[in-house]
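final.cif follows; it contains mmCIF, C-alpha atoms and all ligand atoms.
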```
data_input
#
loop_
_atom_site.label_atom_id
_atom_site.label_comp_id
_atom_site.auth_asym_id
_atom_site.auth_seq_id
_atom_site.Cartn_x
_atom_site.Cartn_y
_atom_site.Cartn_z
CA MET L 1 95.00 54.48 209.82
CA ALA L 2 91.40 54.66 208.66
CA ARG L 3 90.84 54.57 204.93
CA LYS L 4 89.33 57.87 203.76
CA THR L 5 86.24 57.39 201.62
CA LEU L 6 86.83 58.47 198.02
CA ILE L 7 83.97 59.74 195.89
CA ALA L 8 85.31 59.68 192.34
CA GLY L 9 83.65 60.74 189.10
CA ASN L 10 84.65 59.29 185.74
CA TRP L 11 83.22 61.63 183.13
CA LYS L 12 84.35 59.34 180.28
CA MET L 13 84.15 60.88 176.78
CA ASN L 14 81.59 63.51 177.76
CA GLY L 15 81.60 67.26 177.83
CA LEU L 16 82.64 70.23 175.75
CA LEU L 17 84.41 73.12 177.41
CA ALA L 18 81.34 74.97 178.68
CA ASP L 19 79.69 71.79 180.05
CA GLY L 20 82.86 70.65 181.77
CA VAL L 21 83.50 73.99 183.40
CA ASP L 22 79.87 74.23 184.58
CA LEU L 23 79.98 70.73 186.03
CA ALA L 24 83.29 71.34 187.77
CA LYS L 25 82.13 74.66 189.18
CA GLY L 26 78.93 73.04 190.44
CA VAL L 27 80.84 70.22 192.15
CA ALA L 28 83.33 72.68 193.63
CA ALA L 29 80.56 74.89 195.03
CA GLU L 30 78.71 71.94 196.59
CA VAL L 31 81.85 70.46 198.13
CA LYS L 32 82.73 73.87 199.59
CA LYS L 33 79.18 74.09 201.00
CA MET L 34 79.57 70.69 202.66
CA GLY L 35 82.44 72.13 204.68
CA LYS L 36 84.37 69.70 206.84
CA THR L 37 83.90 66.22 205.47
CA GLN L 38 85.38 62.77 206.02
CA CYS L 39 85.39 62.16 202.27
CA GLU L 40 87.82 62.92 199.50
CA PHE L 41 86.46 63.99 196.12
CA LEU L 42 87.92 63.34 192.68
CA VAL L 43 86.77 64.19 189.16
CA CYS L 44 88.28 62.65 186.03
CA PRO L 45 87.31 64.65 182.93
CA PRO L 46 88.51 63.96 179.37
CA PHE L 47 92.06 65.16 178.57
CA THR L 48 90.77 68.20 176.68
CA LEU L 49 89.09 69.58 179.80
CA LEU L 50 91.81 68.98 182.40
CA THR L 51 93.26 72.49 182.44
CA ALA L 52 89.90 74.25 182.45
CA VAL L 53 88.48 71.94 185.10
CA LYS L 54 91.55 72.44 187.27
CA LYS L 55 90.88 76.18 187.13
CA ALA L 56 87.17 75.74 187.81
CA LEU L 57 87.92 73.63 190.91
CA ARG L 58 90.18 76.28 192.44
CA GLY L 59 89.69 76.63 196.18
CA ALA L 60 87.64 73.45 196.55
CA LYS L 61 88.92 70.19 197.99
CA VAL L 62 88.31 68.22 194.81
CA ALA L 63 91.21 66.36 193.21
CA LEU L 64 91.75 66.14 189.47
CA GLY L 65 92.39 62.90 187.62
CA ALA L 66 92.74 61.68 184.05
CA GLN L 67 91.18 58.58 182.51
CA ASP L 68 94.27 56.99 180.98
CA VAL L 69 98.02 57.49 180.54
CA HIS L 70 100.92 56.17 178.49
CA PHE L 71 103.74 54.39 180.32
CA ASN L 72 106.49 56.40 178.62
CA ALA L 73 107.55 59.84 179.83
CA LYS L 74 107.71 61.30 176.29
CA GLY L 75 108.48 60.47 172.69
CA ALA L 76 106.98 59.13 169.49
CA HIS L 77 103.56 57.97 170.71
CA THR L 78 101.05 59.83 168.59
CA GLY L 79 97.81 60.51 170.38
CA ASP L 80 99.06 59.47 173.80
CA ILE L 81 99.55 61.50 176.97
CA SER L 82 102.41 60.95 179.42
CA PRO L 83 102.28 60.84 183.21
CA LEU L 84 104.38 64.01 183.42
CA MET L 85 101.95 65.82 181.13
CA LEU L 86 99.09 64.86 183.45
CA LYS L 87 101.05 66.01 186.47
CA ASP L 88 101.84 69.24 184.64
CA ALA L 89 98.12 69.76 183.92
CA GLY L 90 97.41 69.54 187.66
CA CYS L 91 96.34 65.90 188.01
CA GLN L 92 96.86 63.97 191.21
CA TYR L 93 95.22 60.77 189.99
CA VAL L 94 94.87 58.70 186.85
CA ILE L 95 92.45 55.86 186.14
CA VAL L 96 94.11 52.85 184.49
CA GLY L 97 92.63 49.61 183.21
CA HIS L 98 89.01 50.74 183.02
CA SER L 99 87.00 47.91 181.47
CA GLU L 100 86.14 50.15 178.51
CA ARG L 101 89.87 50.50 177.77
CA ARG L 102 90.48 46.81 178.41
CA ALA L 103 87.73 46.06 175.84
CA ASP L 104 88.09 48.91 173.30
CA HIS L 105 91.89 49.02 173.27
CA LYS L 106 92.68 45.42 174.19
CA GLU L 107 94.65 46.56 177.23
CA SER L 108 96.35 43.70 179.06
CA ASP L 109 97.09 43.40 182.78
CA GLU L 110 100.78 43.77 181.96
CA LEU L 111 100.22 47.05 180.13
CA ILE L 112 98.01 48.37 182.93
CA SER L 113 100.70 47.54 185.49
CA LYS L 114 103.26 49.46 183.41
CA LYS L 115 100.93 52.45 183.23
CA ALA L 116 100.35 52.42 186.99
CA ALA L 117 104.10 52.14 187.68
CA ALA L 118 104.78 55.07 185.33
CA ALA L 119 102.09 57.08 187.07
CA TYR L 120 103.83 56.54 190.45
CA GLU L 121 107.14 57.69 188.94
CA ALA L 122 105.52 61.00 188.02
CA GLY L 123 103.97 61.38 191.47
CA LEU L 124 100.44 60.40 190.40
CA LYS L 125 98.15 58.00 192.22
CA ALA L 126 96.67 55.21 190.09
CA VAL L 127 93.05 54.09 190.26
CA ILE L 128 93.40 50.53 188.94
CA CYS L 129 90.13 49.04 187.69
CA ILE L 130 89.22 45.37 187.76
CA GLY L 131 85.98 43.46 187.29
CA GLU L 132 84.35 40.48 185.65
CA THR L 133 82.08 40.26 182.61
CA LEU L 134 78.57 38.84 182.86
CA GLU L 135 79.72 35.62 181.24
CA GLU L 136 82.50 35.26 183.81
CA ARG L 137 80.10 35.96 186.67
CA GLU L 138 77.59 33.42 185.40
CA ALA L 139 80.39 30.87 185.14
CA GLY L 140 81.25 31.48 188.81
CA LYS L 141 84.63 32.97 187.91
CA THR L 142 84.30 36.42 189.52
CA ILE L 143 86.90 35.93 192.26
CA ASP L 144 89.31 34.15 189.89
CA VAL L 145 89.10 36.96 187.34
CA CYS L 146 89.58 39.68 189.95
CA THR L 147 92.50 37.76 191.49
CA ARG L 148 94.19 37.42 188.10
CA GLN L 149 93.65 41.11 187.34
CA ILE L 150 95.01 42.21 190.73
CA LEU L 151 98.09 39.98 190.43
CA GLY L 152 98.73 41.14 186.86
CA SER L 153 97.84 44.81 186.87
CA VAL L 154 98.92 46.04 190.32
CA PRO L 155 102.66 46.87 190.42
CA ASP L 156 104.81 45.34 193.17
CA ASN L 157 105.52 48.79 194.63
CA ALA L 158 101.84 49.69 194.97
CA ASP L 159 100.73 50.84 198.40
CA GLY L 160 97.88 52.67 200.07
CA SER L 161 99.36 56.07 199.27
CA ASN L 162 99.84 55.58 195.51
CA THR L 163 97.03 53.19 194.58
CA VAL L 164 93.28 52.86 194.73
CA ILE L 165 91.56 49.75 193.39
CA ALA L 166 88.14 50.07 191.74
CA TYR L 167 86.05 46.90 191.53
CA GLU L 168 83.63 47.41 188.67
CA PRO L 169 81.65 44.43 187.41
CA VAL L 170 81.57 45.09 183.66
CA TRP L 171 77.89 44.11 183.42
CA ALA L 172 76.96 46.73 186.04
CA ILE L 173 78.59 49.66 184.25
CA GLY L 174 76.03 52.01 182.76
CA THR L 175 73.30 49.36 182.87
CA GLY L 176 71.39 50.20 186.04
CA LYS L 177 72.06 46.62 187.18
CA THR L 178 74.07 46.02 190.33
CA PRO L 179 75.33 43.06 192.32
CA THR L 180 73.84 42.56 195.78
CA ALA L 181 75.59 44.22 198.70
CA GLU L 182 76.64 40.74 199.90
CA ASP L 183 78.24 39.98 196.52
CA VAL L 184 80.12 43.29 196.56
CA GLU L 185 81.44 42.74 200.08
CA GLU L 186 82.49 39.19 199.18
CA VAL L 187 84.53 40.40 196.19
CA HIS L 188 86.07 43.35 198.08
CA ALA L 189 87.10 41.13 200.97
CA ALA L 190 88.60 38.62 198.53
CA VAL L 191 90.44 41.40 196.70
CA ARG L 192 91.89 42.67 199.97
CA LYS L 193 93.13 39.16 200.75
CA VAL L 194 94.87 38.94 197.37
CA LEU L 195 96.38 42.40 197.94
CA ALA L 196 97.62 41.21 201.35
CA LYS L 197 99.33 38.22 199.76
CA LYS L 198 100.90 40.36 197.06
CA LEU L 199 101.80 43.51 198.99
CA GLY L 200 101.61 42.56 202.67
CA LYS L 201 98.76 42.92 205.12
CA GLY L 202 99.70 46.46 206.18
CA ASN L 203 99.56 47.75 202.61
CA ALA L 204 96.34 45.89 201.87
CA ASN L 205 94.63 47.33 204.92
CA LYS L 206 95.56 50.85 203.91
CA MET L 207 94.54 50.49 200.26
CA ARG L 208 91.15 51.85 199.26
CA ILE L 209 88.90 49.59 197.23
CA LEU L 210 86.07 51.44 195.49
CA TYR L 211 82.92 49.92 194.11
CA GLY L 212 81.79 51.09 190.65
CA GLY L 213 78.84 50.13 188.48
CA SER L 214 75.53 52.02 188.40
CA VAL L 215 76.10 53.79 191.71
CA LYS L 216 73.24 56.24 192.24
CA PRO L 217 71.98 58.39 195.10
CA GLY L 218 69.46 55.64 195.91
CA ASN L 219 71.97 52.80 196.37
CA ALA L 220 74.97 54.76 197.68
CA LYS L 221 74.38 53.87 201.32
CA GLU L 222 73.88 50.18 200.60
CA PHE L 223 77.31 49.87 198.96
CA LEU L 224 79.36 52.52 200.73
CA SER L 225 78.50 51.32 204.20
CA LEU L 226 80.06 47.88 203.55
CA PRO L 227 83.22 47.26 205.61
CA ASP L 228 85.56 46.70 202.64
CA VAL L 229 84.08 49.37 200.37
CA ASP L 230 86.06 52.60 200.64
CA GLY L 231 84.21 54.77 198.16
CA ALA L 232 82.73 54.76 194.69
CA LEU L 233 83.84 55.23 191.11
CA ILE L 234 80.86 56.86 189.46
CA GLY L 235 80.24 57.16 185.72
CA GLY L 236 76.82 58.37 184.56
CA ALA L 237 75.75 59.90 187.87
CA SER L 238 78.95 61.98 188.06
CA LEU L 239 77.74 64.05 185.11
CA LYS L 240 75.03 65.66 187.24
CA VAL L 241 76.17 67.80 190.17
CA GLU L 242 73.08 66.92 192.25
CA ASP L 243 73.51 63.17 191.77
CA PHE L 244 77.26 63.16 192.40
CA ILE L 245 76.84 65.16 195.60
CA ALA L 246 73.76 63.19 196.68
CA ILE L 247 75.79 59.98 196.41
CA ALA L 248 78.33 61.46 198.83
CA LYS L 249 75.66 62.77 201.19
CA ASN L 250 73.55 59.61 201.12
CA SER L 251 76.57 57.36 201.63
CA GLY L 252 76.60 58.06 205.34
CA GLN L 253 80.42 58.30 205.11
CA CYS L 254 80.96 61.98 204.30
C1 LIG X 301 82.33 53.60 185.27
O1 LIG X 301 82.37 53.58 184.06
O2 LIG X 301 83.39 53.71 185.91
C2 LIG X 301 81.03 53.48 185.93
C3 LIG X 301 80.99 52.99 187.12
O3 LIG X 301 79.93 53.86 185.21
P1 LIG X 301 78.39 53.95 185.73
O4 LIG X 301 78.43 54.58 187.10
O5 LIG X 301 77.70 54.78 184.72
O6 LIG X 301 77.91 52.55 185.81
#
```
Please rewrite the model in this file as structure tokens.
Amino acid sequence: MARKTLIAGNWKMNGLLADGVDLAKGVAAEVKKMGKTQCEFLVCPPFTLLTAVKKALRGAKVALGAQDVHFNAKGAHTGDISPLMLKDAGCQYVIVGHSERRADHKESDELISKKAAAAYEAGLKAVICIGETLEEREAGKTIDVCTRQILGSVPDNADGSNTVIAYEPVWAIGTGKTPTAEDVEEVHAAVRKVLAKKLGKGNANKMRILYGGSVKPGNAKEFLSLPDVDGALIGGASLKVEDFIAIAKNSGQC
């Protein structure tokens, strides 16, 4: 089965109600205009906008995702949101282990794996993020770091239907800097090999691996046409309807 290209937007901590609804309506309208497409679309707004964005996306083939989740179903966890709450708000996806959460909240691979497993339990798909820092890249440790993160943060029951991997070099996020296409393909191919060892070749071949890190309309084709790149996780450029849609259109995959 061919892996369907996923064009995913991570809005991060951006947007008040009016902005979020405008952005979602704009994306919905453009995706509707595109008509039949080979791509799947996903937007991941902040928690506060989930319900309104869900409503604004009505009738468009754009999935809704959150940016984090707690691993417990409910209880005394002030400030946290459970997988069932996300499901209840209309989410199909949740991002876990984004490098900003790994850094800002000291999230470990073990915690990320628990979050992903809890997401599956609630019927959510997990977008599990991995990626090396600049220091790790310069030390030649990129593949080692990504291998360790895959082995530690992908649950044993992950498969192509409940999990998407996002390879995001930390130094490329929000910086305008990107690895070369050859570097990206090398990491994605290595990640797929590790997934095959962990989950079996069949599962690894069905699992989508997105590239993320300064994806823009101008470089979309370069990255999204690589054999082991199955879409993009887009931060900054997902906040502008034109850029988000241009990435999809320019990718040559949609
Ligand atoms: C991200 O944070 O997931 C991301 C890829 O950001 P940007 O596209 O802005 O680099």
Set out as a Markdown table a contact list for region 153-229 of chain L and region 27-51 of chain L with a cut-off of 12 Å, giving each residue of region 153-229 of chain L that qualifies its closest atom pair and distance in Å to one decimal, counting all atoms listed in the file, ordered by chain and rising residue number.
```
| residue | atom | partner | partner_atom | distance |
| --- | --- | --- | --- | --- |
| L:Val164 | CA | L:Leu42 | CA | 11.9 |
| L:Arg208 | CA | L:Glu40 | CA | 11.6 |
| L:Leu224 | CA | L:Cys39 | CA | 11.5 |
```
Given only C-alpha atoms and all ligand atoms, how would the per-residue table for chain L near ligand LIG 301 (chain X) read, listing every residue at most 10 Å away with its closest atom pair and distance in Å to one decimal, sorted by chain and number, as a tab-separated table?
```
residue	atom	partner	partner_atom	distance
L:Ala8	CA	X:LIG301	O2	9.0
L:Gly9	CA	X:LIG301	O2	7.7
L:Asn10	CA	X:LIG301	O2	5.7
L:Trp11	CA	X:LIG301	O1	8.1
L:Lys12	CA	X:LIG301	O1	7.2
L:Gln67	CA	X:LIG301	O2	9.8
L:Ile95	CA	X:LIG301	O2	9.3
L:His98	CA	X:LIG301	O2	7.0
L:Ser99	CA	X:LIG301	O1	7.8
L:Glu100	CA	X:LIG301	O1	7.5
L:Cys129	CA	X:LIG301	O2	8.4
L:Ala166	CA	X:LIG301	O2	8.4
L:Tyr167	CA	X:LIG301	C3	9.1
L:Glu168	CA	X:LIG301	C3	6.4
L:Pro169	CA	X:LIG301	C3	8.6
L:Val170	CA	X:LIG301	O1	8.5
L:Trp171	CA	X:LIG301	O6	8.8
L:Ala172	CA	X:LIG301	O6	5.9
L:Ile173	CA	X:LIG301	O6	3.4
L:Gly174	CA	X:LIG301	O6	3.6
L:Thr175	CA	X:LIG301	O6	6.3
L:Gly176	CA	X:LIG301	O6	6.9
L:Lys177	CA	X:LIG301	O6	8.4
L:Thr178	CA	X:LIG301	O6	8.8
L:Leu210	CA	X:LIG301	C3	9.9
L:Tyr211	CA	X:LIG301	C3	7.9
L:Gly212	CA	X:LIG301	C3	4.1
L:Gly213	CA	X:LIG301	O6	3.7
L:Ser214	CA	X:LIG301	O6	3.6
L:Val215	CA	X:LIG301	O4	5.2
L:Lys216	CA	X:LIG301	O4	7.5
L:Ala232	CA	X:LIG301	C3	8.0
L:Leu233	CA	X:LIG301	C3	5.4
L:Ile234	CA	X:LIG301	O4	4.1
L:Gly235	CA	X:LIG301	O3	3.4
L:Gly236	CA	X:LIG301	O5	3.7
L:Ala237	CA	X:LIG301	O4	6.0
L:Ser238	CA	X:LIG301	O4	7.5
L:Leu239	CA	X:LIG301	O5	9.3
```
Contacts of Ala122 (chain L) at 7 Å (all atoms listed in the file; same-chain gap of 3+ positions) as a list of chain:residue names: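 So the residues in contact are L:Pro83, L:Leu84, L:Lys87, L:Ala118, L:Ala119.
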What gap, in Å, lies between CA of Asp183 (chain L) and CA of Ile165 (chain L)?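 It comes out at 16.8 Å.
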Residue nearest Arg148 (chain L) - candidates L:Ser108, L:Asn72, L:Asn250, L:Ser225, atoms counted: all atoms listed in the file: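 For Arg148 (chain L), the nearest of the candidates is L:Ser108.
From CA of Ala158 (chain L) back to CA of Leu199 (chain L), the distance works out to 7.4 Å.
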Could you name the residues that touch Lys115 (chain L) at 7 Å or less, counting all atoms listed in the file, but leaving out those on the same chain fewer than 2 positions away, as an MDAnalysis selection string? chainID L and resid 69:71 96 111:113 117:119
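Coordinates place CA of Tyr93 (chain L) at a distance of 21.5 Å from CA of Asp19 (chain L).
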Have a look at L:Ala60, L:Ala2, L:Ala126, L:Ile7 and name the one nearest to Asn162 (chain L); count all atoms listed in the file. L:Ala126
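Comparing L:Val154, L:Ala248, L:Leu6, L:Ala220 by their smallest distance to Lys198 (chain L), the closest is L:Val154 (using all atoms listed in the file).
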